[in-house]
Structures are given as C-alpha cells and as structure tokens.
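Undergrad: Dropping the structure in here first, questions after.
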Amino acid sequence: MTLAPMTPLAALPSPSTAVWQLGPVPIRAYALCIIVGIVVACVVTEYRLRRRGVAPGAVLDIAVWAVPAGIIGARIYHVITSPEKYFGADGQPLKAFAIWEGGLGIWGAVAGGAVGAWFAARQLGIPFAVVADALAPGLPLAQAVGRFGNWFNNELFGGRTSLPWGLQVHVMDPDNPGHALRDDAGKPVLEPGLYHPTFLYEALWNIGVAALVLLLDRKLRLGRGRAFALYVMGYTAGRFWIELMRTDEATHILGVRINVWTAALVFLGALVYFLRVRGPREYLIPVGEPAAPVPPAGGDVSQVDLSAREAGARPVAPEGYRVVTEEQFRTYRETGEVPAEEPAATGEADRDETDETGSEEAATEADAAEREPADEARPDPDRTDEDRAGAGGARPADRDS
C-alpha cells in the first residue's frame with residue numbers, strides 16, 4: 001500500500017524581491033502599496049464628499065494633513081507596542097525613526113490620520129463627521145491594497161496549513177533587506193511547509209467591510225459619523241480573529257496579543273457610538289463667495305497671467321459650509337436657491353419683541369408727559385379773562401418762573 005505524498009497540490013507563491021533599485025534610489029513594494037492605497041481612499045472620499053456638497057479638490061487639502069499625521073501615528077503606535085526592538089537591552093533607539101524598514105500600526109494610523117483630518121476640516125469649514133463618513137468605505141479599500149506590501153515582504157503570515165491556498169514564504173536575507181536568501185544554486189530559499197496567508201484574509205475582509213458600509217449607508221442614510229463607526233466595527237471584528245492566526249512576534253498581555261485586546265476595545269467603543277448617536281445625514285451648501293481676482297494697479301497688462309486665463313478659472317473653495325437637510329440640498333442643487341437660515345429660538349424672539357414693545361410704550365409715555373405742560377400752558381380760547389383770574393389767580397408768568 002502506497003501512501004499519498006503530503007506535498008500540497010497547490011500553493012500561493014510569494015515574491016522573492018520587495019525592493020528594486022532605480023539608480024541610487026530604492027523603490028520599495030511596501031511603500032508603493034501604501035501610496036496606491038492612499039490614492040484609492042482619496043478617490044472614493046472625493047466622490048462621496050462632492051455628493052454631500054463639498055467643493056472639488058477638498059480631499060487633497062485634507063490628505064495633506066491626514067496622511068503625514070497618519071504615518072507618524074502609525075509609527076508611534078508600533079514603537080510603543082514593540083519597545084524592546086528599540087529600547088531593550090540590544091535595542092537601537094535611532095531605529096525608531098527608520099520608517100522605511102517597516103513597522104506601522106493601523107491603530108496609530110487611524111488615530112493620527114483622524115487628528116490631521118480634523119484639523120484640515122476645521123480650516124475648510126467642513127464638519128468632521130462629514131469627512132469621517134465620506135472616508136468610511138475608502139479607508140478599508142486602502143488597507144486592503146496596503147496589505148499586499150506584507151506579501152512582498154514575506155511577513156505577517158499565519159500558522160502552518162495544508163489548504164490549497166497555503167502561502168509559500170521565503171527566508172529573507174538579513175544582509176540584503178528586501179531580497180530572499182539564495183542557495184548555492186542561486187534559487188530563493190523557502191520556509192518549510194505552507195502558511196495561512198493572513199494578509200490575503202485581511203485584504204478580502206476589508207473589501208467586504210467597504211461593501212457593507214456602502215450598502216448600509218445607502219439603505220439607512222447614515223450620518224453624524226455612524227458610517228465611520230460601522231467601518232470601525234467591521235474592521236475590528238475581522239482583525240480580532242485574523243490577529244489570533246498570526247505567528248509573528250508581538251507584545252502579549254495576559255497571554256494574548258496586544259492587537260487582539262485593542263481590536264476588542266475599539267469595537268466596543270464604535271458599537272456604543274453607533275447605537276447612541278442619532279440624526280439625519282448632513283449635507284452642505286457653501287457659505288460666502290470666493291474672492292474675485294484683483295486686476296493689477298495701473299492697468300499694467302504685463303502683470304496679467306495670461307496662461308491662467310487660457311487654462312480657465314480654477315474652482316476656488318468657499319469660505320465655509322452650512323449644514324442643511326437632504327431635501328434642502330436637493331432643492332439647492334436643482335434650483336440654486338439657498339435655503340433660509342433657521343429662525344432664532346422662540347423665547348429669544350419673544351424677549352426681543354417684548355423689549356422693543358416696552359421701549360415703544362416707554363417712549364410714548366415720555367412724549368405724553370412732555371406734552372402735558374404744553375397743553376396746560378396753552379390758553380383756552382373759550383375761557384374769559386375773569387375765569388382765568390378766578391382760577392386761583394394764577395398768571396402764565398407764575399407758571400414760567
């Protein structure tokens with residue numbers, strides 16, 4: 001009796017190179033995946049912001065702040081949760097700044113990016129909740145693309161498996177980062193066996209989260225940051241079980257990887273927010289007109305930028321935005337009619353009216369008081385001189401004294 005070979009019939013290969021040299025400049029696959037992911041997120045967010053009423057190009061102004069802040073936050077989280085690599089007995093503190101060598105934490109990226117986006121939104125006059133909801137489906141798509149950087153780096157895989165989609169993993173050369181170790185024949189050296197492709201599991205899960213957010217957002221008309229909370233719940237639910245499959249080094253608390261604890265806590269926070277916050281979806285209309293270009297003094301045509309005129313007027317961001325209902329926004333889009341401002345509170349209006357009425361009554365009484373002496377001083381044409389003398393013998397001169 002012959003036993004069937006244990007060698008799997010199918011497997012997922014891994015790249016043996018993750019860095020290419022363009023002259024003296026290294027081109028890293030991990031960085032390229034992150035850049036492509038950022039572009040995907042910006043495209044989706046720009047489309048959704050426009051549908052909420054935000055002027056074109058706002059996502060670039062937001063990304064200028066959110067992307068660097070997200071990268072800094074991701075690196076800080078990684079260093080804090082893996083301190084032994086940088087501050088342990090054999091650690092190298094300066095390596096904490098070597099971001100090109102890898103080591104980014106998604107939790108820090110989301111937190112840092114949120115701070116940057118909040119600051120940019122304040123500058124643009126856009127409610128932060130609108131930005132967060134617009135970003136909700138784009139962010140998991142960006143994460144899905146970014147996970148392929150781990151595939152190029154042959155890292156963050158799971159435990160051993162015999163499944164047909166098991167992942168082949170190369171032994172990476174420590175003396176030549178970004179390249180697989182090679183044997184005497186020049187062939188890349190593989191780790192024994194196959195491993196769970198956790199990068200692929202997370203990428204597919206994130207695509208599903210993006211689809212879920214789009215579907216429920218369209219059906220439930222989510223607003224006030226609830227679409228973003230839905231993304232957080234969906235992502236952390238998947239990250240919880242995927243993190244349990246990973247075998248790479250990580251900090252543990254009570255025998256459990258720290259990212260498992262983080263995923264659980266963040267999920268609960270997002271769930272509480274999603275259940276407690278209510279309100280309709282916000283739409284925006286511009287406030288204020290953009291400033292018109294001022295012609296040069298003295299009519300000096302040599303100072304006029306003709307190339308800008310030929311290229312056409314570029315859109316200028318408004319001074320700010322005003323939140324309106326979906327019906328008001330639809331009317332504004334169809335007719336261009338700006339909805340009226342909401343009236344002041346009834347109590348304040350009544351108080352103002354009362355103050356105004358009281359002032360008018362006081363003024364009327366004052367006028368009447370001023371007119372009384374004048375009426376008394378005016379002689380009655382129907383009275384004779386004797387009558388006037390008999391009325392106490394008073395004379396007009398006496399009243400004037």
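Residue numbering restarts at 1 in every chain; chains get A, B, ... in the order shown in the structure tokens, and ligands count up from 1 in that same order.
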Residues at most 8 Å from A:Gly113, counting only C-alpha atoms, excluding those fewer than 4 positions away in the same chain, as a list of chain:residue names?
TA: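 Everything that qualifies: A:Trp65, A:Ala66, A:Val67, A:Pro68, A:Ala69, A:Gly70, A:Ile71, A:Gly73, A:Ala109, A:Ala117.
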Undergrad: Write out as a PyMOL selection string which residues come within 9 Å of A:Val189 when counting only C-alpha atoms, dropping same-chain ones fewer than 5 positions away.
TA: chain A and resi 169-172+180-183
Undergrad: Any chance you could export the current selection's C-alpha atoms as a PDB file, in the first residue's frame?
TA:
```
ATOM      1  CA  VAL A 169       7.205  32.078   2.409  1.00  0.00           C
ATOM      2  CA  HIS A 170      10.786  32.926   1.561  1.00  0.00           C
ATOM      3  CA  VAL A 171      13.631  33.204   4.025  1.00  0.00           C
ATOM      4  CA  MET A 172      14.629  36.858   3.721  1.00  0.00           C
ATOM      5  CA  ALA A 180      15.179  36.479  -0.346  1.00  0.00           C
ATOM      6  CA  LEU A 181      18.131  34.432   0.794  1.00  0.00           C
ATOM      7  CA  ARG A 182      19.507  32.275  -2.038  1.00  0.00           C
ATOM      8  CA  ASP A 183      21.160  28.880  -2.003  1.00  0.00           C
TER       9      ASP A 183
END
```
Undergrad: So the first atom is atom CA of A:Ala263 and the second is atom CA of A:Gln143; what is the distance between them in Å, to one decimal place?
TA: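 Answer for the atom CA of A:Ala263 to atom CA of A:Gln143 separation: 15.4 Å.
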Undergrad: List the spatial neighbours of A:Gly279 as a PyMOL selection string - criterion: any atom at most 9 Å away, only C-alpha atoms, same-chain residues fewer than 3 positions off excluded.
TA: chain A and resi 222-224+282
Undergrad: What lies within 10 Å of A:Trp165 using only C-alpha atoms, ignoring chain neighbours under 2 positions off, as a ChimeraX atom specification?
TA: /A:8-13,161-163,167-168,194-197,200
Undergrad: If you run DSSP on the backbone, which residues of stretch 174-278 of chain A are alpha helix (DSSP H), as a ChimeraX atom specification?
TA: /A:198-220,226-245,258-276
